[in-house]
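Source file: structure36.csv; contents: CSV, C-alpha atoms and all ligand atoms.
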```csv
chain,number,residue,atom,x,y,z
Q,29,MET,CA,3.0,35.5,-43.4
Q,30,SER,CA,3.3,33.1,-46.4
Q,31,THR,CA,6.2,30.8,-46.7
Q,32,THR,CA,7.8,30.1,-50.0
Q,33,SER,CA,7.6,26.5,-51.0
Q,34,ILE,CA,10.6,25.0,-52.8
Q,35,PRO,CA,9.7,22.0,-54.9
Q,36,ASP,CA,11.4,18.7,-54.0
Q,37,PRO,CA,14.6,18.7,-56.1
Q,38,SER,CA,14.1,15.0,-56.9
Q,39,THR,CA,10.8,15.5,-58.7
Q,40,ARG,CA,11.3,14.7,-62.4
Q,41,TYR,CA,11.0,17.4,-65.0
Q,42,ARG,CA,7.9,16.9,-67.2
Q,43,ARG,CA,7.5,18.7,-70.5
Q,44,THR,CA,3.7,18.5,-70.6
Q,45,GLY,CA,1.0,17.7,-68.0
Q,46,GLN,CA,0.2,14.5,-69.9
Q,47,ARG,CA,1.0,11.2,-68.3
Q,48,GLY,CA,0.2,7.6,-69.1
Q,49,LEU,CA,-1.2,6.6,-72.5
Q,50,ASN,CA,-2.2,9.4,-74.8
Q,51,ALA,CA,-2.6,9.8,-78.6
Q,52,GLU,CA,0.7,11.6,-79.3
Q,53,MET,CA,2.6,9.0,-77.3
Q,54,LEU,CA,1.0,6.1,-79.2
Q,55,SER,CA,1.8,7.9,-82.4
Q,56,TRP,CA,5.4,8.2,-81.4
Q,57,LEU,CA,5.5,4.6,-80.5
Q,58,PHE,CA,3.8,3.5,-83.7
Q,59,MET,CA,6.4,5.4,-85.8
Q,60,ARG,CA,9.2,3.3,-84.1
Q,61,ALA,CA,7.4,0.0,-84.3
Q,62,SER,CA,6.2,0.4,-87.9
Q,63,GLY,CA,9.7,1.7,-88.9
Q,64,MET,CA,11.3,-1.5,-87.7
Q,65,LEU,CA,8.9,-3.6,-89.7
Q,66,LEU,CA,9.2,-1.4,-92.8
Q,67,VAL,CA,13.0,-1.9,-92.9
Q,68,ILE,CA,12.4,-5.6,-93.6
Q,69,LEU,CA,9.3,-5.1,-95.9
Q,70,VAL,CA,10.8,-2.3,-98.0
Q,71,PHE,CA,14.4,-3.7,-98.2
Q,72,GLY,CA,12.9,-7.1,-99.2
Q,73,HIS,CA,10.7,-5.4,-101.9
Q,74,LEU,CA,13.6,-3.4,-103.3
Q,75,PHE,CA,15.9,-6.5,-103.2
Q,76,VAL,CA,13.5,-8.7,-105.1
Q,77,ASN,CA,12.2,-6.1,-107.6
Q,78,LEU,CA,15.4,-4.0,-108.3
Q,79,TRP,CA,18.4,-6.2,-107.5
Q,80,LEU,CA,17.5,-9.9,-108.3
Q,81,GLY,CA,17.2,-11.2,-111.8
Q,82,GLN,CA,17.0,-8.4,-114.4
Q,83,GLY,CA,16.0,-5.7,-111.9
Q,84,VAL,CA,13.6,-3.1,-113.2
Q,85,GLN,CA,14.0,-4.4,-116.7
Q,86,GLY,CA,12.3,-7.6,-115.6
Q,87,ILE,CA,9.1,-5.9,-114.3
Q,88,ASP,CA,5.9,-6.3,-116.3
Q,89,PHE,CA,2.4,-7.6,-115.9
Q,90,ALA,CA,3.6,-11.2,-116.0
Q,91,PHE,CA,6.1,-10.5,-113.2
Q,92,VAL,CA,3.4,-9.0,-110.9
Q,93,GLY,CA,1.1,-12.0,-111.9
Q,94,GLY,CA,3.8,-14.4,-110.7
Q,95,LYS,CA,4.3,-12.6,-107.4
Q,96,TRP,CA,0.6,-12.0,-106.5
Q,97,SER,CA,-0.3,-15.6,-107.2
Q,98,SER,CA,1.4,-16.3,-103.9
Q,99,PRO,CA,-0.3,-15.4,-100.7
Q,100,PHE,CA,3.1,-14.7,-99.2
Q,101,TRP,CA,3.7,-11.7,-101.5
Q,102,GLN,CA,0.1,-10.6,-101.2
Q,103,VAL,CA,0.4,-10.4,-97.4
Q,104,TRP,CA,3.9,-8.8,-97.7
Q,105,ASP,CA,2.6,-6.0,-100.0
Q,106,LEU,CA,-0.6,-5.5,-98.0
Q,107,LEU,CA,1.5,-4.9,-94.8
Q,108,MET,CA,3.9,-2.7,-96.7
Q,109,LEU,CA,0.9,-0.7,-98.1
Q,110,TRP,CA,-0.8,-0.1,-94.8
Q,111,LEU,CA,2.2,0.4,-92.6
Q,112,GLY,CA,4.0,2.6,-95.2
Q,113,LEU,CA,1.0,4.9,-95.8
Q,114,ILE,CA,0.1,5.2,-92.1
Q,115,HIS,CA,3.7,5.8,-91.1
Q,116,GLY,CA,4.3,8.2,-93.9
Q,117,GLY,CA,0.9,9.9,-93.4
Q,118,ASN,CA,1.5,10.3,-89.7
Q,119,GLY,CA,5.0,11.7,-90.4
Q,120,VAL,CA,3.6,14.2,-92.9
Q,121,ARG,CA,0.9,15.2,-90.3
Q,122,THR,CA,3.8,16.1,-88.0
Q,123,ILE,CA,5.4,18.2,-90.7
Q,124,ILE,CA,2.1,20.0,-91.4
Q,125,ASN,CA,1.7,20.7,-87.7
Q,126,ASP,CA,5.2,22.2,-87.6
Q,127,TYR,CA,5.0,24.5,-90.6
Q,128,ALA,CA,1.4,25.4,-91.4
Q,129,ARG,CA,0.7,28.4,-89.1
Q,130,GLY,CA,-2.8,29.4,-89.8
Q,131,ASP,CA,-5.6,27.2,-88.4
Q,132,ARG,CA,-7.5,27.1,-91.6
Q,133,LEU,CA,-4.4,26.2,-93.8
Q,134,ARG,CA,-3.5,23.5,-91.3
Q,135,MET,CA,-7.0,22.1,-91.4
Q,136,VAL,CA,-7.2,22.1,-95.2
Q,137,LEU,CA,-3.7,20.4,-95.6
Q,138,LYS,CA,-4.6,17.7,-93.1
Q,139,ALA,CA,-8.0,17.1,-94.7
Q,140,LEU,CA,-6.2,16.6,-98.0
Q,141,LEU,CA,-3.6,14.4,-96.4
Q,142,TYR,CA,-6.2,12.1,-94.7
Q,143,PHE,CA,-8.2,11.9,-97.9
Q,144,ALA,CA,-5.1,10.9,-100.0
Q,145,VAL,CA,-4.1,8.3,-97.4
Q,146,ILE,CA,-7.5,6.7,-97.1
Q,147,VAL,CA,-8.2,6.6,-100.9
Q,148,THR,CA,-4.7,5.1,-101.6
Q,149,VAL,CA,-5.0,2.5,-98.8
Q,150,ILE,CA,-8.4,1.4,-100.1
Q,151,LEU,CA,-7.3,1.4,-103.8
Q,152,GLY,CA,-4.1,-0.6,-103.0
Q,153,THR,CA,-6.0,-3.1,-100.9
Q,154,LEU,CA,-8.6,-3.7,-103.6
Q,155,VAL,CA,-5.9,-4.0,-106.2
Q,156,ILE,CA,-4.2,-6.8,-104.3
Q,157,PHE,CA,-7.4,-8.7,-103.6
Q,158,THR,CA,-9.1,-8.3,-107.0
Q,159,PHE,CA,-6.0,-8.9,-109.1
Q,160,ASP,CA,-6.5,-11.5,-111.9
Q,161,ALA,CA,-3.2,-12.8,-113.3
Q,162,CYS,CA,-5.0,-14.3,-116.3
Q,163,PRO,CA,-7.7,-11.8,-117.5
Q,164,ALA,CA,-10.0,-13.3,-120.2
Q,165,GLY,CA,-9.3,-12.1,-123.7
Q,166,ALA,CA,-5.9,-10.6,-123.0
Q,167,ASP,CA,-2.9,-11.2,-125.3
Q,168,PRO,CA,-1.4,-14.5,-123.9
Q,169,SER,CA,2.2,-13.3,-124.6
Q,170,LEU,CA,1.8,-10.7,-121.9
Q,171,LEU,CA,0.5,-13.1,-119.2
Q,172,PRO,CA,2.4,-15.3,-116.8
Q,173,SER,CA,3.2,-18.8,-118.3
Q,174,PHE,CA,0.9,-20.6,-115.8
Q,175,CYS,CA,-2.1,-19.0,-117.5
Q,176,GLU,CA,-2.0,-21.4,-120.5
Q,177,GLY,CA,-4.2,-24.5,-120.4
D,28,MET,CA,6.3,27.3,-80.9
D,29,ALA,CA,9.8,28.5,-81.7
D,30,SER,CA,10.1,31.1,-84.4
D,31,ALA,CA,12.5,33.6,-85.9
D,32,GLN,CA,10.9,36.4,-83.9
D,33,SER,CA,11.0,34.7,-80.5
D,34,GLY,CA,14.3,32.9,-81.1
D,35,THR,CA,15.0,29.3,-80.2
D,36,LEU,CA,16.9,27.7,-77.5
D,37,TYR,CA,18.3,25.0,-79.7
D,38,ARG,CA,21.9,24.3,-78.7
D,39,GLY,CA,22.2,20.9,-80.2
D,40,ASP,CA,25.1,19.7,-82.3
D,41,THR,CA,25.0,20.1,-86.1
D,42,THR,CA,25.2,16.3,-86.8
D,43,GLY,CA,21.9,15.8,-85.1
D,44,MET,CA,20.3,18.8,-86.7
D,45,TRP,CA,21.2,18.0,-90.3
D,46,SER,CA,20.4,14.4,-90.0
D,47,TRP,CA,17.0,15.5,-88.7
D,48,VAL,CA,16.5,17.7,-91.8
D,49,ALA,CA,17.6,14.9,-94.1
D,50,HIS,CA,15.3,12.5,-92.3
D,51,ARG,CA,12.3,14.8,-92.8
D,52,ILE,CA,13.0,15.6,-96.5
D,53,SER,CA,13.6,11.9,-97.3
D,54,GLY,CA,10.4,10.8,-95.5
D,55,MET,CA,8.3,13.4,-97.4
D,56,LEU,CA,9.8,12.3,-100.7
D,57,ILE,CA,9.2,8.6,-100.1
D,58,PHE,CA,5.6,9.4,-99.1
D,59,LEU,CA,4.9,11.3,-102.3
D,60,PHE,CA,6.5,8.5,-104.3
D,61,LEU,CA,4.4,5.9,-102.6
D,62,LEU,CA,1.1,7.7,-103.5
D,63,VAL,CA,2.1,7.7,-107.2
D,64,HIS,CA,3.5,4.1,-106.9
D,65,VAL,CA,0.2,2.7,-105.7
D,66,LEU,CA,-1.5,4.4,-108.6
D,67,ASP,CA,0.9,3.0,-111.2
D,68,THR,CA,0.6,-0.5,-109.7
D,69,ALA,CA,-3.2,-0.2,-109.8
D,70,LEU,CA,-3.0,-0.3,-113.7
D,71,VAL,CA,-2.7,-4.1,-113.4
D,72,ARG,CA,-6.5,-3.9,-112.9
D,73,VAL,CA,-6.9,-1.9,-116.2
D,74,SER,CA,-5.0,-4.2,-118.6
D,75,PRO,CA,-1.6,-5.9,-119.1
D,76,GLU,CA,-1.0,-3.4,-121.9
D,77,ALA,CA,-1.7,-0.3,-119.8
D,78,TYR,CA,0.5,-1.6,-116.9
D,79,ASN,CA,3.4,-2.5,-119.2
D,80,GLU,CA,3.2,0.8,-121.0
D,81,VAL,CA,3.4,2.9,-117.9
D,82,ILE,CA,5.9,0.7,-116.0
D,83,GLY,CA,8.1,0.8,-119.1
D,84,HIS,CA,8.9,4.4,-118.1
D,85,TYR,CA,10.7,3.0,-115.0
D,86,LYS,CA,13.2,1.4,-117.4
D,87,THR,CA,14.4,4.6,-119.0
D,88,VAL,CA,17.6,6.3,-118.1
D,89,VAL,CA,15.9,9.4,-116.6
D,90,PHE,CA,13.7,7.2,-114.3
D,91,GLY,CA,16.7,4.9,-113.6
D,92,LEU,CA,18.5,7.9,-112.1
D,93,GLY,CA,15.4,8.8,-110.2
D,94,GLU,CA,15.4,5.2,-108.8
D,95,VAL,CA,18.9,5.7,-107.6
D,96,GLY,CA,17.8,8.8,-105.8
D,97,LEU,CA,14.8,7.0,-104.3
D,98,VAL,CA,16.9,4.1,-103.1
D,99,ALA,CA,19.5,6.5,-101.7
D,100,ALA,CA,16.7,8.4,-99.8
D,101,ILE,CA,15.0,5.3,-98.5
D,102,LEU,CA,18.3,3.7,-97.3
D,103,PHE,CA,19.2,6.8,-95.4
D,104,HIS,CA,15.7,7.3,-93.9
D,105,ALA,CA,15.6,3.6,-92.8
D,106,LEU,CA,19.1,3.5,-91.3
D,107,ASN,CA,18.7,6.9,-89.6
D,108,GLY,CA,15.3,5.8,-88.4
D,109,LEU,CA,17.0,2.8,-86.7
D,110,ARG,CA,19.5,5.2,-85.2
D,111,LEU,CA,16.7,7.3,-83.8
D,112,ILE,CA,15.1,4.2,-82.2
D,113,LEU,CA,18.5,3.3,-80.6
D,114,VAL,CA,18.9,6.9,-79.3
D,115,ASP,CA,15.4,6.6,-77.7
D,116,PHE,CA,15.5,3.1,-76.3
D,117,TRP,CA,19.2,2.1,-75.8
D,118,SER,CA,20.7,3.4,-72.6
D,119,GLN,CA,23.9,4.3,-74.4
D,120,GLY,CA,22.0,5.8,-77.4
D,121,PRO,CA,22.0,9.5,-76.6
D,122,LYS,CA,25.6,9.5,-75.6
D,123,ARG,CA,26.6,7.7,-78.8
D,124,GLN,CA,24.3,9.4,-81.2
D,125,ARG,CA,27.1,11.0,-83.1
D,126,SER,CA,29.0,7.7,-83.6
D,127,LEU,CA,25.7,6.1,-84.5
D,128,PHE,CA,25.3,8.7,-87.2
D,129,TRP,CA,28.7,7.8,-88.8
D,130,GLY,CA,27.6,4.2,-88.5
D,131,VAL,CA,24.5,5.1,-90.6
D,132,VAL,CA,26.8,6.8,-93.2
D,133,VAL,CA,29.1,3.7,-93.4
D,134,VAL,CA,26.3,1.2,-93.8
D,135,TRP,CA,24.6,3.5,-96.3
D,136,VAL,CA,27.8,3.6,-98.5
D,137,VAL,CA,28.1,-0.2,-98.3
D,138,LEU,CA,24.5,-0.8,-99.4
D,139,MET,CA,24.7,1.8,-102.1
D,140,ALA,CA,27.9,0.1,-103.4
D,141,GLY,CA,26.0,-3.1,-103.5
D,142,PHE,CA,23.1,-1.6,-105.4
D,143,LEU,CA,24.5,1.1,-107.7
D,144,PRO,CA,26.7,-1.0,-110.1
D,145,ARG,CA,24.1,-3.7,-110.3
D,146,HIS,CA,21.3,-1.2,-111.1
D,147,LEU,CA,23.4,0.6,-113.7
D,148,MET,CA,24.1,-2.8,-115.3
D,149,HIS,CA,20.3,-3.5,-115.5
D,150,MET,CA,19.7,0.0,-116.8
D,151,PHE,CA,22.2,-0.2,-119.6
D,152,GLY,CA,21.6,-3.9,-120.3
D,153,ALA,CA,25.1,-5.2,-119.6
N,201,LIG,C1,12.0,2.0,-107.9
N,201,LIG,C2,11.7,1.2,-107.0
N,201,LIG,C3,10.5,0.3,-106.9
N,201,LIG,C4,10.0,-0.6,-107.9
N,201,LIG,C5,10.6,-0.8,-109.3
N,201,LIG,C6,8.8,-1.2,-107.4
N,201,LIG,C7,8.0,-2.1,-108.1
N,201,LIG,C8,6.8,-2.6,-107.6
N,201,LIG,C9,6.1,-3.7,-108.3
N,201,LIG,C10,6.5,-4.3,-109.6
N,201,LIG,C11,4.9,-3.9,-107.6
N,201,LIG,C12,3.9,-4.9,-107.9
N,201,LIG,C13,3.8,-6.0,-106.9
N,201,LIG,C14,5.1,-6.6,-106.4
N,201,LIG,O1,6.0,-6.7,-107.2
N,201,LIG,O2,5.2,-6.9,-105.2
N,201,LIG,C15,5.0,-3.0,-106.4
N,201,LIG,C16,4.0,-2.9,-105.5
N,201,LIG,C17,4.1,-2.2,-104.3
N,201,LIG,N1,5.2,-1.4,-103.9
N,201,LIG,FE1,6.9,-1.0,-105.0
N,201,LIG,N2,8.6,-0.7,-106.1
N,201,LIG,C18,9.5,0.2,-105.8
N,201,LIG,C19,9.7,0.9,-104.7
N,201,LIG,C20,8.8,0.9,-103.6
N,201,LIG,C21,9.0,1.6,-102.3
N,201,LIG,C22,10.2,2.5,-102.0
N,201,LIG,C23,7.9,1.3,-101.6
N,201,LIG,C24,7.5,1.7,-100.1
N,201,LIG,C25,7.7,2.8,-99.6
N,201,LIG,C26,7.0,0.4,-102.4
N,201,LIG,C27,5.8,0.0,-101.9
N,201,LIG,C28,4.9,-0.8,-102.7
N,201,LIG,C29,3.6,-1.2,-102.3
N,201,LIG,C30,2.9,-0.8,-101.0
N,201,LIG,C31,3.1,-2.1,-103.3
N,201,LIG,C32,1.7,-2.7,-103.3
N,201,LIG,C33,0.7,-1.8,-104.1
N,201,LIG,C34,-0.7,-2.2,-104.1
N,201,LIG,O3,-1.2,-2.6,-103.1
N,201,LIG,O4,-1.4,-2.0,-105.1
N,201,LIG,N3,7.6,0.2,-103.6
N,201,LIG,N4,6.1,-2.2,-106.5
N,202,LIG,C1,12.2,1.8,-94.0
N,202,LIG,C2,12.0,1.9,-92.7
N,202,LIG,C3,11.7,3.1,-92.0
N,202,LIG,C4,12.1,3.5,-90.8
N,202,LIG,C5,13.1,2.6,-89.9
N,202,LIG,C6,11.5,4.7,-90.4
N,202,LIG,C7,11.7,5.4,-89.2
N,202,LIG,C8,11.1,6.5,-88.8
N,202,LIG,C9,11.1,7.1,-87.5
N,202,LIG,C10,11.7,6.4,-86.3
N,202,LIG,C11,10.5,8.3,-87.6
N,202,LIG,C12,10.1,9.2,-86.4
N,202,LIG,C13,11.0,10.3,-86.3
N,202,LIG,C14,10.7,11.2,-85.1
N,202,LIG,O1,9.8,10.9,-84.3
N,202,LIG,O2,11.3,12.3,-85.0
N,202,LIG,C15,10.1,8.5,-88.9
N,202,LIG,C16,9.5,9.7,-89.4
N,202,LIG,C17,9.0,9.8,-90.7
N,202,LIG,N1,9.0,8.8,-91.7
N,202,LIG,FE1,9.8,7.0,-91.6
N,202,LIG,N2,10.8,5.2,-91.5
N,202,LIG,C18,10.8,4.2,-92.4
N,202,LIG,C19,10.1,4.3,-93.7
N,202,LIG,C20,9.3,5.3,-94.1
N,202,LIG,C21,8.5,5.4,-95.3
N,202,LIG,C22,8.3,4.2,-96.3
N,202,LIG,C23,8.0,6.6,-95.4
N,202,LIG,C24,7.0,7.2,-96.5
N,202,LIG,C25,6.0,6.5,-97.0
N,202,LIG,C26,8.4,7.4,-94.2
N,202,LIG,C27,8.1,8.7,-94.0
N,202,LIG,C28,8.3,9.4,-92.8
N,202,LIG,C29,8.0,10.7,-92.5
N,202,LIG,C30,7.3,11.7,-93.5
N,202,LIG,C31,8.4,11.0,-91.2
N,202,LIG,C32,8.2,12.3,-90.4
N,202,LIG,C33,9.5,13.1,-90.4
N,202,LIG,C34,9.5,14.2,-89.4
N,202,LIG,O3,8.6,14.3,-88.6
N,202,LIG,O4,10.5,15.0,-89.4
N,202,LIG,N3,9.2,6.6,-93.5
N,202,LIG,N4,10.5,7.4,-89.7
```

Taking this structure as input, can you express it in the form of structure tokens?
Amino acid sequence: MSTTSIPDPSTRYRRTGQRGLNAEMLSWLFMRASGMLLVILVFGHLFVNLWLGQGVQGIDFAFVGGKWSSPFWQVWDLLMLWLGLIHGGNGVRTIINDYARGDRLRMVLKALLYFAVIVTVILGTLVIFTFDACPAGADPSLLPSFCEG
Amino acid sequence: MASAQSGTLYRGDTTGMWSWVAHRISGMLIFLFLLVHVLDTALVRVSPEAYNEVIGHYKTVVFGLGEVGLVAAILFHALNGLRLILVDFWSQGPKRQRSLFWGVVVVWVVLMAGFLPRHLMHMFGA
């Protein structure tokens, strides 16, 4: 005779067998942590570039030269670049997982996504660190004023 | 995975569902913009002329309206993202998710009201 065992009613419901640290949980946590930082980074970026001064009308090479001559804005943009692309890329990964049904399609889309994210992060990082506000031989009227002399 | 064939058990309220849809679409949009945006910024490494030429497009009326859409999307995504964080981590969050949504709408309207007139002034050179 077998007896039916009824589970203890106080055991907590668990969606998956996973417990403790695992990749999806870290990804979930990262979305929230990076999101909070991005609020400051992106709102600051939009405030300075679109709202202050002449807004979009004021943006040109000399404007970028002025900003990136300061380590403050270099670090700001670097953080925004990395966090924005990893947060956004991770979000798009979730979207692909949700909608791409076939294994092959899902793999192709994710490969394209990772490729785009990695190339863009590397390109953006190189641009920040190799930027020259006063390139030799350029029309001086297009450069920031501190280039003279 | 839920599908049209198997049906779903979703019995959530519509505020939560539509804010989720809008969060997803806005996130996707901002991501695509960001990929292009890093490319256009990279032109500072080509020449001042190339950068100014391409960035000049951002100053046209058509792009100006696009920027309004982009800012609208990012403000919503950011504020709703903060709402999601509150729902997950604040003990009162799940109970208050609906009021939090209206909070998102109110703050969004206030920030847009601060941005839109100023941006239109920049665009039309007033
Ligand atoms: C229409 C609105 C926007 C304008 C006019 C604009 C303008 C600019 C400008 C002029 C720069 C050059 C450096 C600087 O000023 O800091 C830049 C860089 C950057 N922007 Fe934006 N931006 C806009 C929206 C955004 C948004 C929504 C994001 C994030 C999601 C973003 C992310 C970045 C990043 C990551 C860089 C650094 C790129 C690199 O490393 O090469 N921008 N932006
Ligand atoms: C400005 C501050 C931001 C905040 C507070 C924020 C917050 C969040 C949060 C909490 C999630 C997770 C949602 C979930 O787990 O269901 C999320 C998802 C997402 N975010 Fe952001 N985010 C921000 C900026 C960005 C930026 C700049 C991008 C694009 C480059 C982006 C693209 C996405 C995408 C594509 C998703 C996935 C949406 C989904 O799975 O439905 N977010 N965001």

Residues near stretch 71-86 of chain D, cut-off 8 Å, only C-alpha atoms, skip fewer than 4 positions along chain, as a ChimeraX atom specification: /Q:84-85,87-89,155,158-160,166,170-171 /D:67,90-91,150

Please, which residues have at least one atom within 8 Å of an atom of ligand LIG 201 (chain N), using all atoms listed in the file, listed as an mmCIF file with C-alpha atoms, in the frame of the given file?
```cif
data_model
loop_
_atom_site.group_PDB
_atom_site.id
_atom_site.type_symbol
_atom_site.label_atom_id
_atom_site.label_comp_id
_atom_site.auth_asym_id
_atom_site.auth_seq_id
_atom_site.Cartn_x
_atom_site.Cartn_y
_atom_site.Cartn_z
ATOM 1 C CA VAL Q 70 10.800 -2.300 -98.000
ATOM 2 C CA HIS Q 73 10.700 -5.400 -101.900
ATOM 3 C CA LEU Q 74 13.600 -3.400 -103.300
ATOM 4 C CA ASN Q 77 12.200 -6.100 -107.600
ATOM 5 C CA LEU Q 78 15.400 -4.000 -108.300
ATOM 6 C CA GLY Q 83 16.000 -5.700 -111.900
ATOM 7 C CA VAL Q 84 13.600 -3.100 -113.200
ATOM 8 C CA ILE Q 87 9.100 -5.900 -114.300
ATOM 9 C CA ASP Q 88 5.900 -6.300 -116.300
ATOM 10 C CA PHE Q 91 6.100 -10.500 -113.200
ATOM 11 C CA VAL Q 92 3.400 -9.000 -110.900
ATOM 12 C CA LYS Q 95 4.300 -12.600 -107.400
ATOM 13 C CA TRP Q 96 0.600 -12.000 -106.500
ATOM 14 C CA TRP Q 101 3.700 -11.700 -101.500
ATOM 15 C CA GLN Q 102 0.100 -10.600 -101.200
ATOM 16 C CA TRP Q 104 3.900 -8.800 -97.700
ATOM 17 C CA ASP Q 105 2.600 -6.000 -100.000
ATOM 18 C CA LEU Q 106 -0.600 -5.500 -98.000
ATOM 19 C CA LEU Q 107 1.500 -4.900 -94.800
ATOM 20 C CA MET Q 108 3.900 -2.700 -96.700
ATOM 21 C CA LEU Q 109 0.900 -0.700 -98.100
ATOM 22 C CA TRP Q 110 -0.800 -0.100 -94.800
ATOM 23 C CA GLY Q 112 4.000 2.600 -95.200
ATOM 24 C CA LEU Q 113 1.000 4.900 -95.800
ATOM 25 C CA VAL Q 149 -5.000 2.500 -98.800
ATOM 26 C CA LEU Q 151 -7.300 1.400 -103.800
ATOM 27 C CA GLY Q 152 -4.100 -0.600 -103.000
ATOM 28 C CA THR Q 153 -6.000 -3.100 -100.900
ATOM 29 C CA LEU Q 154 -8.600 -3.700 -103.600
ATOM 30 C CA VAL Q 155 -5.900 -4.000 -106.200
ATOM 31 C CA ILE Q 156 -4.200 -6.800 -104.300
ATOM 32 C CA ILE D 57 9.200 8.600 -100.100
ATOM 33 C CA PHE D 58 5.600 9.400 -99.100
ATOM 34 C CA PHE D 60 6.500 8.500 -104.300
ATOM 35 C CA LEU D 61 4.400 5.900 -102.600
ATOM 36 C CA HIS D 64 3.500 4.100 -106.900
ATOM 37 C CA VAL D 65 0.200 2.700 -105.700
ATOM 38 C CA LEU D 66 -1.500 4.400 -108.600
ATOM 39 C CA THR D 68 0.600 -0.500 -109.700
ATOM 40 C CA ALA D 69 -3.200 -0.200 -109.800
ATOM 41 C CA TYR D 85 10.700 3.000 -115.000
ATOM 42 C CA GLY D 91 16.700 4.900 -113.600
ATOM 43 C CA GLY D 93 15.400 8.800 -110.200
ATOM 44 C CA GLU D 94 15.400 5.200 -108.800
ATOM 45 C CA VAL D 95 18.900 5.700 -107.600
ATOM 46 C CA LEU D 97 14.800 7.000 -104.300
ATOM 47 C CA VAL D 98 16.900 4.100 -103.100
ATOM 48 C CA ILE D 101 15.000 5.300 -98.500
#
```

Considering all atoms listed in the file, give me a table of residues in chain Q that are at most 8 Å from ligand LIG 202 (chain N), with the closest atom pair and distance in Å for each, as JSON lines.
```
{"residue": "Q:Trp56", "atom": "CA", "partner": "N:LIG202", "partner_atom": "O1", "distance": 5.9}
{"residue": "Q:Met59", "atom": "CA", "partner": "N:LIG202", "partner_atom": "C9", "distance": 5.3}
{"residue": "Q:Arg60", "atom": "CA", "partner": "N:LIG202", "partner_atom": "C10", "distance": 4.5}
{"residue": "Q:Ala61", "atom": "CA", "partner": "N:LIG202", "partner_atom": "C10", "distance": 8.0}
{"residue": "Q:Ser62", "atom": "CA", "partner": "N:LIG202", "partner_atom": "C4", "distance": 7.3}
{"residue": "Q:Gly63", "atom": "CA", "partner": "N:LIG202", "partner_atom": "C4", "distance": 3.6}
{"residue": "Q:Met64", "atom": "CA", "partner": "N:LIG202", "partner_atom": "C5", "distance": 5.0}
{"residue": "Q:Leu65", "atom": "CA", "partner": "N:LIG202", "partner_atom": "C2", "distance": 7.0}
{"residue": "Q:Leu66", "atom": "CA", "partner": "N:LIG202", "partner_atom": "C2", "distance": 4.3}
{"residue": "Q:Val67", "atom": "CA", "partner": "N:LIG202", "partner_atom": "C2", "distance": 3.9}
{"residue": "Q:Ile68", "atom": "CA", "partner": "N:LIG202", "partner_atom": "C1", "distance": 7.4}
{"residue": "Q:Leu69", "atom": "CA", "partner": "N:LIG202", "partner_atom": "C1", "distance": 7.7}
{"residue": "Q:Val70", "atom": "CA", "partner": "N:LIG202", "partner_atom": "C1", "distance": 5.9}
{"residue": "Q:Phe71", "atom": "CA", "partner": "N:LIG202", "partner_atom": "C1", "distance": 7.3}
{"residue": "Q:Gly112", "atom": "CA", "partner": "N:LIG202", "partner_atom": "C22", "distance": 4.7}
{"residue": "Q:Leu113", "atom": "CA", "partner": "N:LIG202", "partner_atom": "C25", "distance": 5.4}
{"residue": "Q:Ile114", "atom": "CA", "partner": "N:LIG202", "partner_atom": "C25", "distance": 7.8}
{"residue": "Q:His115", "atom": "CA", "partner": "N:LIG202", "partner_atom": "C26", "distance": 5.9}
{"residue": "Q:Gly116", "atom": "CA", "partner": "N:LIG202", "partner_atom": "C27", "distance": 3.8}
{"residue": "Q:Gly117", "atom": "CA", "partner": "N:LIG202", "partner_atom": "C30", "distance": 6.6}
{"residue": "Q:Asn118", "atom": "CA", "partner": "N:LIG202", "partner_atom": "C32", "distance": 7.0}
{"residue": "Q:Gly119", "atom": "CA", "partner": "N:LIG202", "partner_atom": "C32", "distance": 3.3}
{"residue": "Q:Val120", "atom": "CA", "partner": "N:LIG202", "partner_atom": "C30", "distance": 4.5}
{"residue": "Q:Arg121", "atom": "CA", "partner": "N:LIG202", "partner_atom": "C32", "distance": 7.9}
{"residue": "Q:Thr122", "atom": "CA", "partner": "N:LIG202", "partner_atom": "O3", "distance": 5.2}
{"residue": "Q:Ile123", "atom": "CA", "partner": "N:LIG202", "partner_atom": "O3", "distance": 5.5}
```

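Those residues that approach stretch 103-120 of chain D to within 8 Å, counting all atoms listed in the file, are Arg60, Gly63, Met64 and Val67 of chain Q; Ser46, Ala49, His50, Ser53, Gly54, Leu127, Phe128, Val131, Val132, Val134 and Trp135 of chain D; same-chain residues fewer than 5 positions away are not listed.
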
Just C-alpha atoms for this one: save the residues we selected as a tab-separated table (two decimals), in the coordinates of the input.
```tsv
chain	number	residue	atom	x	y	z
Q	60	ARG	CA	9.20	3.30	-84.10
Q	63	GLY	CA	9.70	1.70	-88.90
Q	64	MET	CA	11.30	-1.50	-87.70
Q	67	VAL	CA	13.00	-1.90	-92.90
D	46	SER	CA	20.40	14.40	-90.00
D	49	ALA	CA	17.60	14.90	-94.10
D	50	HIS	CA	15.30	12.50	-92.30
D	53	SER	CA	13.60	11.90	-97.30
D	54	GLY	CA	10.40	10.80	-95.50
D	127	LEU	CA	25.70	6.10	-84.50
D	128	PHE	CA	25.30	8.70	-87.20
D	131	VAL	CA	24.50	5.10	-90.60
D	132	VAL	CA	26.80	6.80	-93.20
D	134	VAL	CA	26.30	1.20	-93.80
D	135	TRP	CA	24.60	3.50	-96.30
```

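The interatomic distance for the pair atom CA of D:Val48 and atom CA of D:Trp129 works out to 16.0 Å.
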
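Take atom CA of Q:Pro172 and atom CA of D:Phe142: the distance between them is 27.3 Å.
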
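Straight-line separation from atom CA of Q:Leu141 to atom CA of Q:Glu52: 17.9 Å.
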